[in-house]
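Dumped coords_3.txt below, it's compact mmCIF, C-alpha atoms:
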```txt
# COMPACT_ATOMS: atom_id res chain seq x y z
CA MET A 663 244.82 197.88 87.96
CA PRO A 664 243.86 200.08 90.90
CA SER A 665 247.38 201.37 91.47
CA ARG A 666 247.76 202.31 87.82
CA SER A 667 244.41 204.12 87.89
CA LEU A 668 245.43 206.01 91.00
CA PHE A 669 248.69 207.02 89.39
CA ALA A 670 246.88 208.26 86.27
CA LEU A 671 244.43 210.21 88.39
CA ALA A 672 247.26 211.79 90.38
CA ALA A 673 249.06 212.75 87.18
CA LEU A 674 245.87 214.27 85.82
CA LEU A 675 245.40 216.30 88.98
CA VAL A 676 248.99 217.54 88.85
CA CYS A 677 248.54 218.60 85.19
CA PHE A 678 245.28 220.34 86.06
CA ALA A 679 246.98 222.18 88.94
CA CYS A 680 249.76 223.28 86.60
CA LEU A 681 247.23 224.59 84.06
CA VAL A 682 245.39 226.51 86.77
CA ALA A 683 248.65 227.99 88.04
CA SER A 684 249.62 229.08 84.53
CA ALA A 685 246.23 230.65 83.97
CA ASN A 686 246.53 232.65 87.21
CA ALA A 687 250.07 233.79 86.55
CA GLY A 688 249.58 237.23 85.03
CA GLN A 689 253.24 238.07 85.47
CA SER A 690 256.35 236.10 84.83
CA ALA A 691 259.62 236.77 86.59
CA LYS A 692 263.29 236.24 85.90
CA ILE A 693 266.02 236.70 88.48
CA ASP A 694 269.77 236.93 88.38
CA ALA A 695 272.45 236.95 91.08
CA THR A 696 276.16 237.64 90.87
CA PHE A 697 279.16 237.73 93.19
CA THR A 698 281.99 240.17 92.56
CA PRO A 699 284.61 238.85 93.03
CA GLU A 700 283.78 235.16 92.86
CA ARG A 701 286.34 233.89 95.34
CA LEU A 702 285.39 231.20 97.82
CA GLY A 703 286.11 232.02 101.43
CA ALA A 704 286.43 235.73 100.70
CA ALA A 705 284.16 238.71 101.11
CA THR A 706 282.26 239.72 98.03
CA THR A 707 279.74 242.16 96.64
CA MET A 708 276.42 240.49 95.97
CA SER A 709 274.08 241.76 93.29
CA PHE A 710 270.54 240.62 92.82
CA ALA A 711 268.29 241.56 89.92
CA PHE A 712 264.84 240.67 88.73
CA GLN A 713 262.59 241.46 85.83
CA ILE A 714 258.82 241.09 85.82
CA THR A 715 256.90 240.87 82.60
CA ALA A 716 253.15 241.26 82.40
CA GLU A 717 251.80 238.84 79.83
CA GLY A 718 249.11 240.48 77.72
CA GLN A 719 247.66 242.61 80.45
CA ASP A 720 248.34 245.71 82.49
CA PRO A 721 251.12 245.14 85.00
CA ALA A 722 249.97 244.50 88.54
CA ALA A 723 251.69 246.25 91.40
CA LEU A 724 254.30 244.19 93.21
CA THR A 725 253.45 243.91 96.92
CA ALA A 726 256.07 241.58 98.36
CA MET A 727 259.06 239.49 97.45
CA ASP A 728 260.85 236.69 99.23
CA ILE A 729 264.38 235.99 98.05
CA ALA A 730 265.84 232.69 99.18
CA TYR A 731 269.62 232.48 99.23
CA PRO A 732 272.13 229.91 100.52
CA ARG A 733 271.96 230.05 104.28
CA ASN A 734 275.70 229.90 104.77
CA LEU A 735 276.32 233.15 102.90
CA GLY A 736 277.77 235.63 105.36
CA PHE A 737 275.19 238.40 105.22
CA ALA A 738 275.07 238.84 108.96
CA THR A 739 278.86 238.77 109.23
CA SER A 740 279.34 241.13 106.29
CA GLY A 741 280.24 244.13 108.41
CA LEU A 742 277.46 246.01 106.62
CA GLY A 743 274.96 248.04 108.58
CA LEU A 744 276.97 249.05 111.64
CA ALA A 745 274.40 251.72 112.39
CA ALA A 746 270.67 251.94 111.92
CA CYS A 747 268.54 254.41 110.03
CA SER A 748 264.86 254.73 110.82
CA GLN A 749 262.08 254.65 108.28
CA ALA A 750 260.89 258.05 109.48
CA THR A 751 264.33 259.55 108.80
CA LEU A 752 264.44 258.05 105.34
CA GLU A 753 260.98 259.30 104.47
CA ALA A 754 261.71 262.78 105.79
CA SER A 755 265.27 263.34 104.64
CA GLY A 756 266.03 260.59 102.18
CA PRO A 757 269.38 258.76 102.09
CA PRO A 758 271.44 261.85 103.08
CA GLY A 759 269.72 261.84 106.47
CA CYS A 760 271.07 258.41 107.40
CA PRO A 761 274.42 257.58 109.03
CA ALA A 762 277.05 256.53 106.50
CA ASN A 763 277.64 253.31 108.42
CA SER A 764 274.02 252.30 107.99
CA GLN A 765 274.10 252.03 104.21
CA MET A 766 274.29 248.43 103.05
CA GLY A 767 273.85 248.77 99.32
CA TYR A 768 272.49 250.61 96.34
CA GLY A 769 270.83 249.99 93.03
CA SER A 770 268.13 251.04 90.65
CA ALA A 771 264.66 250.01 89.58
CA VAL A 772 262.31 250.56 86.69
CA VAL A 773 258.69 251.20 87.53
CA GLU A 774 255.72 251.37 85.20
CA ILE A 775 253.10 254.05 85.53
CA GLN A 776 249.86 253.90 83.62
CA ILE A 777 249.04 257.42 82.38
CA GLY A 778 245.91 257.14 80.33
CA PRO A 779 246.49 254.58 77.60
CA VAL A 780 250.24 255.02 77.80
CA LEU A 781 252.52 252.94 80.01
CA VAL A 782 255.32 255.24 81.14
CA LYS A 783 258.55 253.84 82.55
CA GLU A 784 260.49 255.63 85.24
CA THR A 785 263.92 254.78 86.56
CA VAL A 786 264.33 255.22 90.30
CA SER A 787 267.48 255.05 92.38
CA LEU A 788 267.70 252.69 95.33
CA ALA A 789 269.70 252.87 98.52
CA ALA A 790 269.60 250.07 101.08
CA PHE A 791 270.07 250.79 104.78
CA ALA A 792 270.08 248.81 107.99
CA GLY A 793 266.92 249.55 109.89
CA PRO A 794 266.27 249.37 113.61
CA SER A 795 265.87 245.82 114.85
CA PRO A 796 262.95 245.28 117.23
CA ASP A 797 263.19 241.50 117.14
CA GLY A 798 266.87 240.62 116.90
CA TYR A 799 266.81 240.06 113.14
CA LEU A 800 268.58 242.32 110.69
CA HIS A 801 266.14 244.70 109.07
CA LEU A 802 266.66 246.31 105.74
CA LEU A 803 265.12 249.52 104.45
CA VAL A 804 265.30 250.23 100.74
CA CYS A 805 264.74 253.85 99.83
CA ALA A 806 263.45 254.32 96.28
CA THR A 807 263.75 257.85 94.95
CA GLY A 808 262.00 258.82 91.72
CA ILE A 809 262.19 262.17 90.00
CA PHE A 810 260.25 262.13 86.73
CA PRO A 811 257.44 261.84 85.79
CA VAL A 812 256.42 261.00 89.35
CA GLN A 813 258.51 262.51 92.10
CA ALA A 814 258.36 260.33 95.14
CA VAL A 815 260.38 258.78 97.93
CA VAL A 816 259.15 255.35 98.90
CA VAL A 817 260.66 253.17 101.60
CA LEU A 818 260.47 249.39 101.27
CA ALA A 819 260.86 247.45 104.50
CA GLY A 820 262.62 244.12 104.57
CA VAL A 821 263.92 241.62 107.05
CA LEU A 822 266.93 239.40 106.64
CA LEU A 823 266.06 235.97 107.93
CA PRO A 824 268.51 233.10 107.73
CA GLY A 825 268.39 232.08 104.08
CA HIS A 826 265.63 234.55 103.21
CA LEU A 827 265.28 238.22 102.47
CA LYS A 828 261.67 239.34 102.67
CA ILE A 829 260.74 242.75 101.34
CA VAL A 830 257.30 244.35 101.50
CA ILE A 831 256.45 246.95 98.90
CA PRO A 832 253.71 249.40 99.88
CA PRO A 833 251.15 250.45 97.27
CA ILE A 834 252.70 253.38 95.39
CA PRO A 835 250.08 255.79 94.08
CA SER A 836 250.81 257.58 90.82
CA LEU A 837 248.17 259.88 89.36
CA PRO A 838 244.61 260.30 90.59
CA GLU A 839 242.36 257.48 89.37
CA ALA A 840 245.38 255.70 87.91
CA PRO A 841 246.48 252.24 89.07
CA TYR A 842 249.34 251.82 91.50
CA VAL A 843 252.90 251.98 90.25
CA ALA A 844 254.19 248.58 89.19
CA VAL A 845 257.79 247.55 89.70
CA ALA A 846 259.09 246.00 86.51
CA GLN A 847 262.82 245.67 87.17
CA MET A 848 265.15 245.97 90.10
CA HIS A 849 268.88 245.70 90.54
CA LEU A 850 270.20 245.78 94.10
CA THR A 851 273.83 245.45 95.18
CA LEU A 852 274.82 244.68 98.77
CA GLY A 853 278.32 245.83 99.68
CA GLY A 854 280.52 247.31 96.99
CA HIS A 855 281.58 250.92 96.84
CA LEU A 856 280.47 252.02 100.28
CA THR A 857 282.46 254.21 102.63
CA TYR A 858 282.23 253.65 106.36
CA TYR A 859 283.90 255.56 109.17
CA GLU A 860 285.47 254.45 112.42
CA GLU A 861 287.32 256.06 115.27
CA VAL A 862 290.99 255.09 115.46
CA ALA A 863 293.04 256.71 118.20
CA GLY A 864 290.67 259.65 118.34
CA ARG A 865 290.61 260.19 114.61
CA THR A 866 287.83 259.42 112.17
CA VAL A 867 289.11 257.08 109.50
CA ALA A 868 287.26 256.02 106.36
CA TYR A 869 287.25 252.40 105.27
CA ARG A 870 285.38 250.08 102.95
CA PRO A 871 283.28 247.42 104.67
CA ALA A 872 284.20 243.84 103.90
CA GLY A 873 281.04 242.64 102.22
CA VAL A 874 279.12 239.39 102.11
CA GLY A 875 281.27 236.42 103.04
CA LEU A 876 281.31 233.48 100.66
CA PRO A 877 281.73 230.05 102.21
CA GLY A 878 284.96 228.19 101.66
CA ARG A 879 283.22 225.47 99.69
CA CYS A 880 280.78 225.83 96.86
CA PRO A 881 277.52 223.89 97.26
CA ARG A 882 276.92 221.08 94.79
CA GLY A 883 275.41 222.67 91.70
CA GLY A 884 276.36 226.19 92.72
CA PHE A 885 274.77 228.87 94.87
CA ALA A 886 271.02 228.54 94.39
CA PHE A 887 268.74 231.56 94.59
CA ALA A 888 264.96 231.60 94.32
CA ALA A 889 262.43 234.36 94.54
CA THR A 890 258.69 234.54 95.03
CA PHE A 891 256.86 237.67 93.95
CA ALA A 892 253.38 238.56 95.16
CA PHE A 893 251.19 241.02 93.31
CA LEU A 894 248.27 243.23 94.20
CA ASP A 895 245.87 241.16 92.09
CA SER A 896 246.66 238.19 94.39
CA SER A 897 248.74 236.45 91.74
CA SER A 898 252.28 235.35 92.36
CA SER A 899 255.29 234.38 90.36
CA ARG A 900 258.42 232.40 91.09
CA ALA A 901 261.86 232.31 89.59
CA ARG A 902 265.17 230.61 90.24
CA THR A 903 268.78 231.08 89.34
CA VAL A 904 272.09 229.57 90.24
CA VAL A 905 275.46 231.24 90.60
CA PRO A 906 277.88 228.62 89.28
CA CYS A 907 280.81 227.56 91.38
CA PRO A 908 283.92 229.58 90.65
CA HIS A 909 286.47 227.86 88.47
CA HIS A 910 289.66 226.78 90.19
CA ARG A 911 292.73 228.40 88.77
CA MET B 872 292.50 225.28 145.56
CA ARG B 873 290.08 222.77 146.90
CA LEU B 874 287.04 222.86 148.99
CA SER B 875 285.83 219.78 150.67
CA GLY B 876 282.62 218.84 152.27
CA GLU B 877 280.21 219.39 149.37
CA ARG B 878 278.00 216.41 149.02
CA ARG B 879 277.14 215.49 145.46
CA ARG B 880 273.94 213.85 144.48
CA GLY B 881 272.46 212.76 141.19
CA ARG B 882 275.26 211.89 138.85
CA PHE B 883 277.37 210.33 141.59
CA PRO B 884 274.82 209.43 144.26
CA GLY B 885 276.21 208.67 147.68
CA LEU B 886 279.53 210.26 146.94
CA ARG B 887 280.96 212.16 149.86
CA GLY B 888 283.78 214.58 150.14
CA THR B 889 283.54 216.24 146.75
CA VAL B 890 286.49 218.42 145.91
CA GLN B 891 286.15 221.68 144.09
CA GLN B 892 289.21 222.77 142.28
CA GLN B 893 290.28 226.17 141.07
CA GLY B 894 292.46 226.23 137.99
CA ARG B 895 295.44 228.20 139.24
CA ASP B 896 295.97 225.98 142.29
CA MET B 897 294.76 222.75 140.92
CA HIS B 898 298.12 221.05 141.59
CA SER B 899 298.15 221.94 145.20
CA ARG B 900 297.00 218.95 147.20
CA LYS B 901 298.03 220.37 150.55
CA ARG B 902 295.21 222.85 150.61
CA GLU B 903 292.42 220.37 150.28
CA ARG B 904 292.16 220.04 154.02
CA LEU B 905 292.01 223.74 154.58
CA ARG B 906 289.04 224.81 156.54
CA ALA B 907 286.45 226.93 154.89
CA GLY B 908 287.33 230.06 156.81
CA SER B 909 290.94 230.15 155.77
CA LEU B 910 289.92 229.27 152.24
CA ALA B 911 287.70 232.26 152.08
CA ARG B 912 290.61 234.51 152.94
CA ALA B 913 292.81 232.88 150.38
CA LEU B 914 290.40 232.99 147.46
CA PRO B 915 290.29 236.01 145.20
CA PRO B 916 286.95 237.83 145.26
CA ILE B 917 285.67 236.48 141.94
CA ALA B 918 286.48 232.90 142.76
CA LEU B 919 284.94 233.47 146.15
CA LEU B 920 281.63 234.29 144.53
CA VAL B 921 281.73 231.22 142.36
CA SER B 922 282.67 229.03 145.27
CA ALA B 923 280.11 230.46 147.63
CA ALA B 924 277.94 227.35 147.54
CA GLY B 925 280.90 225.17 148.41
CA VAL B 926 281.86 227.39 151.31
CA VAL B 927 278.39 227.14 152.72
CA SER B 928 278.46 223.37 152.36
CA ALA B 929 281.82 223.16 154.07
CA ALA B 930 280.62 225.34 156.89
CA GLN B 931 277.61 223.12 157.35
CA ALA B 932 279.78 220.03 157.39
CA ARG B 933 282.01 221.56 160.03
CA ALA B 934 279.04 222.58 162.11
CA THR B 935 277.71 219.06 162.16
CA GLY B 936 281.09 217.75 163.12
CA ARG B 937 281.57 215.66 160.04
CA THR B 938 285.09 215.06 159.00
CA THR B 939 285.92 215.73 155.39
CA ARG B 940 287.59 213.01 153.48
CA ARG B 941 288.86 212.85 149.97
CA SER B 942 288.01 209.63 148.31
CA ALA B 943 290.04 208.26 145.41
CA HIS B 944 286.80 208.21 143.45
CA ALA B 945 285.71 211.69 144.38
CA ALA B 946 284.52 213.80 141.47
CA ARG B 947 286.28 217.12 141.27
CA VAL B 948 284.63 220.28 140.07
CA LEU B 949 286.41 222.87 138.03
CA ASN B 950 284.89 226.24 138.70
CA VAL B 951 285.57 227.99 135.44
CA ARG B 952 285.42 231.73 135.14
CA ASP B 953 287.46 232.55 132.11
CA GLU B 954 287.62 235.46 129.74
CA GLY B 955 289.13 235.28 126.30
CA HIS B 956 290.11 238.09 123.99
CA LEU B 957 290.14 236.58 120.54
CA ARG B 958 291.28 237.86 117.20
CA PHE B 959 289.89 236.98 113.82
CA ILE B 960 291.67 234.20 111.97
CA HIS B 961 289.46 233.00 109.16
CA ALA B 962 285.93 233.24 107.78
CA SER B 963 283.79 230.97 105.68
CA GLY B 964 280.41 232.51 104.97
CA SER B 965 278.56 232.91 108.23
CA LEU B 966 281.26 231.01 110.15
CA LEU B 967 284.07 232.92 111.82
CA ILE B 968 287.11 231.36 113.42
CA ASP B 969 288.83 233.32 116.15
CA GLU B 970 291.76 232.47 118.38
CA GLY B 971 293.35 234.00 121.41
CA HIS B 972 294.24 233.62 125.03
CA ALA B 973 291.94 232.98 127.94
CA SER B 974 292.68 234.23 131.40
CA GLY B 975 290.95 233.27 134.59
CA THR B 976 290.59 230.08 136.55
CA PHE B 977 291.50 227.89 133.58
CA PRO B 978 294.00 229.85 131.54
CA GLY B 979 295.13 228.73 128.16
CA SER B 980 294.69 229.20 124.48
CA VAL B 981 291.21 229.38 122.98
CA LYS B 982 289.90 228.56 119.55
CA VAL B 983 286.32 229.53 118.70
CA ARG B 984 284.05 228.65 115.79
CA PHE B 985 281.44 231.38 115.83
CA VAL B 986 278.32 231.25 113.66
CA TYR B 987 276.08 234.22 113.02
CA ASP B 988 273.71 233.55 110.15
CA GLY B 989 271.14 236.25 110.80
CA GLU B 990 269.25 234.47 113.56
CA PRO B 991 269.03 236.52 116.76
CA ASN B 992 270.88 233.66 118.42
CA VAL B 993 274.56 233.23 117.69
CA SER B 994 276.31 229.94 118.36
CA ALA B 995 279.87 229.11 119.27
CA GLN B 996 281.99 226.01 119.64
CA PHE B 997 285.19 226.57 121.52
CA THR B 998 288.13 224.71 122.96
CA ILE B 999 290.29 225.96 125.81
CA SER B 1000 293.67 224.24 125.96
CA GLY B 1001 295.59 224.65 129.18
CA SER B 1002 298.17 222.80 131.16
CA GLY B 1003 296.85 219.35 131.90
CA GLY B 1004 294.33 219.14 129.11
CA SER B 1005 291.67 220.82 127.12
CA ILE B 1006 287.95 221.43 127.43
CA SER B 1007 285.60 221.74 124.48
CA ALA B 1008 282.19 223.29 124.75
CA LYS B 1009 279.40 224.65 122.66
CA GLY B 1010 276.99 227.40 123.44
CA SER B 1011 274.55 229.86 122.06
CA GLY B 1012 273.34 233.25 123.06
CA ARG B 1013 271.04 235.98 121.95
CA LEU B 1014 272.60 239.00 120.32
CA SER B 1015 271.60 242.25 121.96
CA SER B 1016 271.44 244.55 118.95
CA PRO B 1017 272.38 243.37 115.47
CA THR B 1018 272.96 246.87 114.12
CA SER B 1019 275.42 247.79 116.84
CA PRO B 1020 279.09 247.80 115.79
CA ASP B 1021 279.86 245.52 118.72
CA PRO B 1022 276.73 243.76 119.95
CA SER B 1023 276.89 241.66 123.08
CA PHE B 1024 275.38 238.24 123.59
CA LYS B 1025 274.38 236.17 126.56
CA GLY B 1026 273.42 232.53 126.72
CA ARG B 1027 274.28 229.04 127.92
CA MET B 1028 277.12 226.69 127.19
CA SER B 1029 277.56 222.97 127.69
CA VAL B 1030 280.75 220.95 127.68
CA THR B 1031 281.09 218.54 124.78
CA GLY B 1032 284.36 216.89 125.72
CA GLY B 1033 287.80 217.15 127.15
CA SER B 1034 291.24 215.68 127.06
CA GLY B 1035 294.04 214.90 129.47
CA ARG B 1036 293.05 215.54 133.04
CA TYR B 1037 289.67 216.79 131.83
CA ALA B 1038 288.84 213.80 129.65
CA HIS B 1039 285.66 213.18 131.63
CA VAL B 1040 284.67 216.77 132.11
CA HIS B 1041 281.00 217.62 131.72
CA GLY B 1042 278.51 220.20 132.86
CA GLY B 1043 277.89 223.68 131.62
CA GLY B 1044 277.30 227.23 132.54
CA GLU B 1045 276.80 230.69 131.19
CA LEU B 1046 278.32 232.30 128.16
CA PHE B 1047 278.76 236.01 127.65
CA GLY B 1048 280.45 237.83 124.85
CA VAL B 1049 280.93 240.82 122.64
CA PHE B 1050 281.21 240.50 118.87
CA ASN B 1051 283.00 243.23 116.98
CA ARG B 1052 281.32 243.37 113.58
CA ARG B 1053 284.11 245.45 112.06
CA SER B 1054 287.16 243.39 113.06
CA TYR B 1055 285.32 240.11 113.82
CA ALA B 1056 287.14 240.02 117.14
CA LEU B 1057 285.39 238.33 120.03
CA THR B 1058 285.51 238.80 123.75
CA VAL B 1059 284.03 235.75 125.42
CA GLN B 1060 283.44 235.00 129.06
CA ALA B 1061 282.51 231.52 130.25
CA ILE B 1062 281.30 230.83 133.76
CA GLY B 1063 280.42 227.38 134.92
CA LYS B 1064 280.90 224.42 137.22
CA LEU B 1065 282.44 221.51 135.42
CA PRO B 1066 282.77 218.17 137.20
CA TYR B 1067 285.58 216.03 135.82
```

Same coordinates, now as structure tokens:
Amino acid sequence: MPSRSLFALAALLVCFACLVASANAGQSAKIDATFTPERLGAATTMSFAFQITAEGQDPAALTAMDIAYPRNLGFATSGLGLAACSQATLEASGPPGCPANSQMGYGSAVVEIQIGPVLVKETVSLAAFAGPSPDGYLHLLVCATGIFPVQAVVVLAGVLLPGHLKIVIPPIPSLPEAPYVAVAQMHLTLGGHLTYYEEVAGRTVAYRPAGVGLPGRCPRGGFAFAATFAFLDSSSSRARTVVPCPHHR
Amino acid sequence: MRLSGERRRGRFPGLRGTVQQQGRDMHSRKRERLRAGSLARALPPIALLVSAAGVVSAAQARATGRTTRRSAHAARVLNVRDEGHLRFIHASGSLLIDEGHASGTFPGSVKVRFVYDGEPNVSAQFTISGSGGSISAKGSGRLSSPTSPDPSFKGRMSVTGGSGRYAHVHGGGELFGVFNRRSYALTVQAIGKLPY
């Protein structure tokens, strides 16, 4: 029957597309997201982590990532990033050069550097800051500081769109003639142990910003996160995770 | 306080003798026959600005010798210029709920549902409850600087409903505000002409 033939052809095409996608995927990714505390309707600290594994080949440099999160999470109303730090300041002075009220989070990453035949791993520290906003959206700057074996300060620029966090990673050179540094793991926390300052009756008072607001109701199936990673070799990888709904006590 | 002589077209074609009403004196029926000149002296400066169009219309009507009449079917216009200082009550993700008191031409209590989800435009649904009824409206405005501790926003609002005396209120106007990102407090100013 014609309809059955069409269906079979469509299924074949879908399978072929899947095979092509698998063949192109040089890297696979896993992501994880957590809320601390997990209390609906309250402010929380949000942590996001990913791990990229190169399958049987040299790791390709990560160039961009797009993290999709539930749109009703209160990132914009988190009270984080009450000041802005410019990319030039971060590159020149590092995190100490930025206003305390501009820091939005912190974390760490593991990068892979090809030195000859050896793949060396380096742990770098991350600090996330609110960047200047030329377009009305919240901009995020992530400062990655590495010490050994490659000493470098690299600033990743991101923009917080409703339901999406897009981060662009510039090519990070390592040694002469060596491939670019590849990001293998990252763990980034927004909120948490940050200290902000405000003027109260003429005095400077320290306080802890509220953090990302969780909605009062959990979406069906939990809080869904997804991420798309783009690599220098034009391949891409996707991953998903779900933060389960908190148990009622 | 009422102004007469403004001719309305469009929504109520052919209607003559429209009455504009200011919130504080809305119960005063004696003043509706006041001439425009004496009205101008009686109005506070801010209300005078808002009512400038009506004054001009009244002056024109007087110049042409028309008598002003108030019909039983005349649509009234509430010239709202209110400012509310609201404190944070509750949050749910990107939704904030603030409450407080509004002062101005339509004083009363205000409840606001304010949404800021990262878009440059923030949105708000609010209800002002005063003596004689309530007015509900929604609006949106563009945030000036998202990394400021207290960014301002400016936009438009439109009435979504009313109750009591303002059950048939409609129209819209401008919405201004300041959002304190530390305390989630809001200062909101609504300016508009609302026929009811």

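In this model, the gap between CA of Ser1019 in chain B and CA of Arg865 in chain A comes to 19.7 Å.
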
>> So the first atom is CA of Asn992 in chain B and the second is CA of Gly1010 in chain B; what is the distance between them in Å, to one decimal place?
In response: 10.1 Å

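Interatomic distance, CA of Gln847 in chain A to CA of Val772 in chain A: 4.9 Å.
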
Within 10 Å of chain B, which residues of chain A show up? Give each one with its shortest atom-to-atom distance in Å (one decimal) and the two atoms involved, counting only C-alpha atoms, rows by chain then rising residue number, as CSV.
```
residue,atom,partner,partner_atom,distance
A:Leu702,CA,B:Ser963,CA,8.0
A:Gly703,CA,B:Ser963,CA,5.0
A:Ala704,CA,B:Ser963,CA,7.4
A:Ala705,CA,B:Gly964,CA,8.2
A:Pro732,CA,B:Gly964,CA,9.8
A:Arg733,CA,B:Asp988,CA,7.1
A:Asn734,CA,B:Gly964,CA,5.4
A:Leu735,CA,B:Gly964,CA,4.6
A:Gly736,CA,B:Ser965,CA,4.0
A:Phe737,CA,B:Asp988,CA,7.1
A:Ala738,CA,B:Gly989,CA,5.1
A:Thr739,CA,B:Ser965,CA,6.0
A:Ser740,CA,B:Arg1052,CA,7.9
A:Gly741,CA,B:Arg1052,CA,5.3
A:Leu742,CA,B:Arg1052,CA,8.4
A:Gly743,CA,B:Thr1018,CA,6.0
A:Leu744,CA,B:Pro1020,CA,4.8
A:Ala745,CA,B:Thr1018,CA,5.3
A:Ala746,CA,B:Thr1018,CA,6.0
A:Cys747,CA,B:Thr1018,CA,9.6
A:Asn763,CA,B:Pro1020,CA,9.3
A:Ser764,CA,B:Thr1018,CA,8.3
A:Ala792,CA,B:Thr1018,CA,7.0
A:Gly793,CA,B:Thr1018,CA,7.8
A:Pro794,CA,B:Thr1018,CA,7.2
A:Ser795,CA,B:Pro1017,CA,7.0
A:Pro796,CA,B:Ser1016,CA,8.7
A:Asp797,CA,B:Pro991,CA,7.7
A:Gly798,CA,B:Pro991,CA,4.6
A:Tyr799,CA,B:Pro991,CA,5.5
A:Leu800,CA,B:Pro1017,CA,6.2
A:His801,CA,B:Thr1018,CA,8.8
A:Val821,CA,B:Gly989,CA,9.7
A:Leu822,CA,B:Gly989,CA,6.7
A:Leu823,CA,B:Gly989,CA,5.8
A:Pro824,CA,B:Gly989,CA,5.1
A:Gly825,CA,B:Asp988,CA,8.2
A:His826,CA,B:Gly989,CA,9.5
A:Glu860,CA,B:Arg1053,CA,9.1
A:Pro871,CA,B:Arg1053,CA,7.7
A:Ala872,CA,B:Arg1053,CA,8.3
A:Val874,CA,B:Gly964,CA,7.6
A:Gly875,CA,B:Gly964,CA,4.4
A:Leu876,CA,B:Gly964,CA,4.5
A:Pro877,CA,B:Gly964,CA,3.9
A:Gly878,CA,B:Ser963,CA,5.0
A:Arg879,CA,B:Ser963,CA,8.2
```

Generate a file of the selected residues that holds C-alpha atoms, formatted as a compact mmCIF listing (two decimals), keeping the file's coordinate frame.
```
# COMPACT_ATOMS: atom_id res chain seq x y z
CA LEU A 702 285.39 231.20 97.82
CA GLY A 703 286.11 232.02 101.43
CA ALA A 704 286.43 235.73 100.70
CA ALA A 705 284.16 238.71 101.11
CA PRO A 732 272.13 229.91 100.52
CA ARG A 733 271.96 230.05 104.28
CA ASN A 734 275.70 229.90 104.77
CA LEU A 735 276.32 233.15 102.90
CA GLY A 736 277.77 235.63 105.36
CA PHE A 737 275.19 238.40 105.22
CA ALA A 738 275.07 238.84 108.96
CA THR A 739 278.86 238.77 109.23
CA SER A 740 279.34 241.13 106.29
CA GLY A 741 280.24 244.13 108.41
CA LEU A 742 277.46 246.01 106.62
CA GLY A 743 274.96 248.04 108.58
CA LEU A 744 276.97 249.05 111.64
CA ALA A 745 274.40 251.72 112.39
CA ALA A 746 270.67 251.94 111.92
CA CYS A 747 268.54 254.41 110.03
CA ASN A 763 277.64 253.31 108.42
CA SER A 764 274.02 252.30 107.99
CA ALA A 792 270.08 248.81 107.99
CA GLY A 793 266.92 249.55 109.89
CA PRO A 794 266.27 249.37 113.61
CA SER A 795 265.87 245.82 114.85
CA PRO A 796 262.95 245.28 117.23
CA ASP A 797 263.19 241.50 117.14
CA GLY A 798 266.87 240.62 116.90
CA TYR A 799 266.81 240.06 113.14
CA LEU A 800 268.58 242.32 110.69
CA HIS A 801 266.14 244.70 109.07
CA VAL A 821 263.92 241.62 107.05
CA LEU A 822 266.93 239.40 106.64
CA LEU A 823 266.06 235.97 107.93
CA PRO A 824 268.51 233.10 107.73
CA GLY A 825 268.39 232.08 104.08
CA HIS A 826 265.63 234.55 103.21
CA GLU A 860 285.47 254.45 112.42
CA PRO A 871 283.28 247.42 104.67
CA ALA A 872 284.20 243.84 103.90
CA VAL A 874 279.12 239.39 102.11
CA GLY A 875 281.27 236.42 103.04
CA LEU A 876 281.31 233.48 100.66
CA PRO A 877 281.73 230.05 102.21
CA GLY A 878 284.96 228.19 101.66
CA ARG A 879 283.22 225.47 99.69
```

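Near Asp953 in chain B, within 6 Å and counting all atoms listed in the file, sit Ser974, Gly975, Thr976, Gln1060 and Ala1061 of chain B, not including residues fewer than 5 positions from it in the same chain.
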
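Residue nearest Ile960 in chain B within the list B:Leu1065, B:Leu1057, B:Arg1027, B:Ile1006: B:Leu1057 [criterion: smallest interatomic distance, all atoms listed in the file].
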
> Hey, can you pull every residue with an atom no more than 8 Å from (291.5, 230.4, 131.9), using all atoms listed in the file, and send it as a ChimeraX atom specification?
Replying inline: /B:894,951-955,973-979,999,1001

>> Give me, as JSON, numbers by chain, all polymer residues having an atom no more than 12 Å from Gly778 in chain A, counting all atoms listed in the file and skipping those fewer than 3 positions away in the same chain.
In response: {"A": [720, 775, 781, 782, 836, 837, 838, 839, 840, 841]}

> Leaving out Ala730 in chain A and any residue of its chain fewer than 6 positions from it, which residues lie within 9 Å of it when counting all atoms listed in the file, given as an NGL selection string?
Replying inline: :A and (824-828 or 886-890)

Coordinates of box centre and edge lengths for range 700-712 of chain A, 5 Å on every side, axis-aligned, as JSON:
```
{"center_x": 275.6, "center_y": 236.7, "center_z": 95.1, "size_x": 31.6, "size_y": 21.0, "size_z": 22.7}
```

>> I'd like the contact shell of Ala892 in chain A - 9 Å cut-off, only C-alpha atoms, skipping same-chain residues fewer than 2 positions apart - returned as a list in words.
In response: Ala723, Leu724, Thr725, Ala726, Met727, Asp728, Thr890, Leu894, Asp895, Ser896, Ser897, Ser898, Ser899 and Arg900 of chain A

>> Set the distance at 8 Å and use only C-alpha atoms: which residues neighbour range 1040-1044 of chain B once local chain neighbours fewer than 2 positions away are removed? I'd like the list as a PyMOL selection string.
In response: chain B and resi 1006+1027-1033+1037-1038+1046+1061-1067
